[in-house]
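Step one of this worksheet: look at the structure below.
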Amino acid sequence: MIETITHYFPRLSDRQRQQFEQLMTLYPEWNEKINVISRKDIDNLEVNHLLHSLAIAKFINFTPGTKVLDFGCGGGLPGIPLAIMFPEVQFHLIDRIGKKIRVAQEIAKAIGLTNVTFQHGDIGECHDTYDFIVSRAVMPQADLLRLARKNISKKQHNAYPNGLITLKGGDLQQELATIRTQSDVIDIQTYFSEPFFATKKIVFTSL
């Protein structure tokens with residue numbers, strides 16, 4: 001049921017496999033009630049949403065104890081797949097839309113995730129600090145950096161310096177013009193060969 005994920009992540013534990021398989025059932029069920037994924041795209045859940053989220057896990061192997069904020073998490077992407085992948089990392093998911101946060105909470109509860117917390121609100125209402133902020137095409141990178149800079153910790157725990165890790169698509173030249181020197185762009189096809197990823201990128205911006 002999750003053949004593509006297990007192909008790229010063959011060392012998943014039995015519990016992780018089970019949790020990803022549960023996502024394949026839970027997201028379509030919740031999507032019928034509350035639309036968190038495009039209805040026309042829900043059949044592509046494994047590749048276009050779960051595996052896409054896990055591109056971040058190919059880019060960086062978070063060390064245990066790392067704290068990650070998922071900004072604008074919607075129904076829990078990329079935060080929930082990453083929380084499955086990194087059970088010793090703490091994830092905080094925030095979104096302004098209450099019904100989407102509810103979906104993420106219910107799904108996390110159903111699969112037994114214990115390393116996630118949730119907040120209904122805006123980034124301005126989040127006062128803690130984190131090693132990394134992850135996001136999936138929520139807003140332009142420079143705008144996100146300006147809003148979230150206060151939430152990025154100065155203490156370093158990982159191979160990469162603290163900062164933003166975002167999932168984006170298309171031509172990013174103009175978007176990154178003002179922060180080019182502190183940003184790296186990685187083609188996701190470096191990790192995954194599916195056609196969906198042909199134009200998809202990870203953007204890492206350090207402080």
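As shown in the structure tokens, the chain order sets the letters A, B, ...; within each chain, residues go from 1, and ligands are also counted from 1 in the order they appear.
The neighbours of Lys58 (chain A) here are the residues that come within 10 Å of it, using only C-alpha atoms and leaving out any residue fewer than 6 positions away in the same chain; they are A:Tyr8, A:Phe9, A:Ile188, A:Thr190, A:Tyr191, A:Phe192.
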Open item on the list: Going by DSSP on the backbone, which residues of region 22-123 of chain A come out as strand (DSSP E)? List them as number ranges by chain.
Closed with: A: 67-71, 90-95, 116-120
How would the residues just picked look written out with N, CA, C and O atoms as an mmCIF file, in the first residue's frame?
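File produced: part.cif:
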```
data_model
loop_
_atom_site.group_PDB
_atom_site.id
_atom_site.type_symbol
_atom_site.label_atom_id
_atom_site.label_comp_id
_atom_site.auth_asym_id
_atom_site.auth_seq_id
_atom_site.Cartn_x
_atom_site.Cartn_y
_atom_site.Cartn_z
ATOM 1 N N LYS A 67 13.890 20.609 17.451
ATOM 2 C CA LYS A 67 12.527 21.149 17.484
ATOM 3 C C LYS A 67 12.207 21.774 16.124
ATOM 4 O O LYS A 67 12.983 22.590 15.621
ATOM 5 N N VAL A 68 11.070 21.387 15.563
ATOM 6 C CA VAL A 68 10.687 21.822 14.224
ATOM 7 C C VAL A 68 9.279 22.408 14.269
ATOM 8 O O VAL A 68 8.360 21.809 14.841
ATOM 9 N N LEU A 69 9.104 23.568 13.646
ATOM 10 C CA LEU A 69 7.789 24.202 13.501
ATOM 11 C C LEU A 69 7.313 24.020 12.067
ATOM 12 O O LEU A 69 8.023 24.369 11.121
ATOM 13 N N ASP A 70 6.116 23.459 11.910
ATOM 14 C CA ASP A 70 5.478 23.368 10.592
ATOM 15 C C ASP A 70 4.513 24.535 10.480
ATOM 16 O O ASP A 70 3.450 24.551 11.106
ATOM 17 N N PHE A 71 4.892 25.522 9.670
ATOM 18 C CA PHE A 71 4.125 26.764 9.540
ATOM 19 C C PHE A 71 3.117 26.630 8.412
ATOM 20 O O PHE A 71 3.468 26.317 7.276
ATOM 21 N N GLN A 90 10.799 16.817 18.045
ATOM 22 C CA GLN A 90 9.541 17.446 18.436
ATOM 23 C C GLN A 90 9.019 18.360 17.322
ATOM 24 O O GLN A 90 9.759 19.224 16.836
ATOM 25 N N PHE A 91 7.763 18.177 16.952
ATOM 26 C CA PHE A 91 7.141 18.972 15.900
ATOM 27 C C PHE A 91 5.964 19.761 16.470
ATOM 28 O O PHE A 91 5.158 19.229 17.238
ATOM 29 N N HIS A 92 5.890 21.035 16.092
ATOM 30 C CA HIS A 92 4.763 21.889 16.473
ATOM 31 C C HIS A 92 4.105 22.367 15.188
ATOM 32 O O HIS A 92 4.764 22.991 14.343
ATOM 33 N N LEU A 93 2.826 22.071 15.011
ATOM 34 C CA LEU A 93 2.106 22.387 13.777
ATOM 35 C C LEU A 93 1.147 23.538 14.032
ATOM 36 O O LEU A 93 0.363 23.501 14.987
ATOM 37 N N ILE A 94 1.217 24.553 13.181
ATOM 38 C CA ILE A 94 0.371 25.734 13.360
ATOM 39 C C ILE A 94 -0.329 26.081 12.047
ATOM 40 O O ILE A 94 0.254 25.972 10.962
ATOM 41 N N ASP A 95 -1.608 26.476 12.163
ATOM 42 C CA ASP A 95 -2.355 26.925 10.993
ATOM 43 C C ASP A 95 -3.472 27.857 11.448
ATOM 44 O O ASP A 95 -4.005 27.714 12.556
ATOM 45 N N VAL A 116 4.136 15.405 18.538
ATOM 46 C CA VAL A 116 3.561 16.552 17.840
ATOM 47 C C VAL A 116 2.639 17.339 18.762
ATOM 48 O O VAL A 116 1.934 16.765 19.594
ATOM 49 N N THR A 117 2.664 18.660 18.614
ATOM 50 C CA THR A 117 1.711 19.542 19.278
ATOM 51 C C THR A 117 1.097 20.432 18.209
ATOM 52 O O THR A 117 1.624 20.543 17.091
ATOM 53 N N PHE A 118 -0.010 21.077 18.552
ATOM 54 C CA PHE A 118 -0.779 21.819 17.561
ATOM 55 C C PHE A 118 -1.178 23.178 18.091
ATOM 56 O O PHE A 118 -1.373 23.360 19.295
ATOM 57 N N GLN A 119 -1.311 24.127 17.175
ATOM 58 C CA GLN A 119 -1.745 25.471 17.548
ATOM 59 C C GLN A 119 -2.612 26.053 16.447
ATOM 60 O O GLN A 119 -2.215 26.080 15.276
ATOM 61 N N HIS A 120 -3.806 26.494 16.827
ATOM 62 C CA HIS A 120 -4.677 27.205 15.897
ATOM 63 C C HIS A 120 -4.353 28.681 16.025
ATOM 64 O O HIS A 120 -4.630 29.302 17.050
#
```
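If only C-alpha atoms are the atoms counted, then among A:Ile60, A:Val134, A:Met85, A:Ala110 the closest residue to Cys73 (chain A) is A:Val134.
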TODO: For Ile2 (chain A), work out the shell of residues within 10 Å, counting only C-alpha atoms and skipping chain neighbours fewer than 2 positions away, then give it as a ChimeraX atom specification.
DONE: /A:4-7,17-18,20-24,46-47,50-51
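You will find CA of Gly76 (chain A) at 15.3 Å from CA of Asp122 (chain A).
Coordinates place CA of Ile111 (chain A) at a distance of 27.4 Å from CA of Asn158 (chain A).
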- [ ] Find, counting only C-alpha atoms, the residue in A:Ile202, A:Leu207, A:Ile97, A:Ala57 that gets nearest to Pro161 (chain A).
- [x] A:Leu207
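When only C-alpha atoms are used to measure the gap to Ile101 (chain A), the shortest distance among A:Met1, A:Ile133, A:Ala55, A:Ile80 belongs to A:Ile80.
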Task: Exercise: Gly124 (chain A) partners within 10 Å, only C-alpha atoms, chain neighbours under 5 positions left out, as JSON, numbers by chain - done: {"A": [147, 148, 150, 151]}
Open item on the list: So that I can check the surroundings of Ala142 (chain A), please list as a PyMOL selection string every protein, DNA and RNA residue that reaches within 12 Å of it, counting only C-alpha atoms and ignoring chain neighbours fewer than 4 positions away.
Closed with: chain A and resi 138+146-149+163-164+166+172+174-180+182-183+203-207
Mind checking which residues fall within 7 Å of Val89 (chain A), counting only C-alpha atoms, ignoring those fewer than 6 positions away in the same chain, and posting them as a PDB file with N, CA and C atoms, in the first residue's frame?
```pdb
ATOM      1  N   PRO A  64      18.174  13.729  17.148  1.00  0.00           N
ATOM      2  CA  PRO A  64      17.211  13.626  18.244  1.00  0.00           C
ATOM      3  C   PRO A  64      17.233  14.886  19.110  1.00  0.00           C
ATOM      4  N   GLY A  65      16.042  15.316  19.520  1.00  0.00           N
ATOM      5  CA  GLY A  65      15.928  16.516  20.338  1.00  0.00           C
ATOM      6  C   GLY A  65      15.731  17.795  19.550  1.00  0.00           C
ATOM      7  N   THR A  66      15.859  17.725  18.235  1.00  0.00           N
ATOM      8  CA  THR A  66      15.599  18.891  17.389  1.00  0.00           C
ATOM      9  C   THR A  66      14.136  19.314  17.517  1.00  0.00           C
ATOM     10  N   LYS A  67      13.890  20.609  17.451  1.00  0.00           N
ATOM     11  CA  LYS A  67      12.527  21.149  17.484  1.00  0.00           C
ATOM     12  C   LYS A  67      12.207  21.774  16.124  1.00  0.00           C
ATOM     13  N   ASN A 115       4.928  12.921  19.423  1.00  0.00           N
ATOM     14  CA  ASN A 115       5.952  13.967  19.293  1.00  0.00           C
ATOM     15  C   ASN A 115       5.460  15.172  18.499  1.00  0.00           C
TER      16      ASN A 115
END
```
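Checking A:Gln141, A:Gln173, A:Asn61, A:Gln189 one by one against His157 (chain A), counting only C-alpha atoms, you find the shortest gap at A:Asn61.
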Task: Nearest-residue call for Lys200 (chain A), choices A:Ile56, A:Leu45, A:Val36, A:Ala104, using only C-alpha atoms - done: A:Ile56
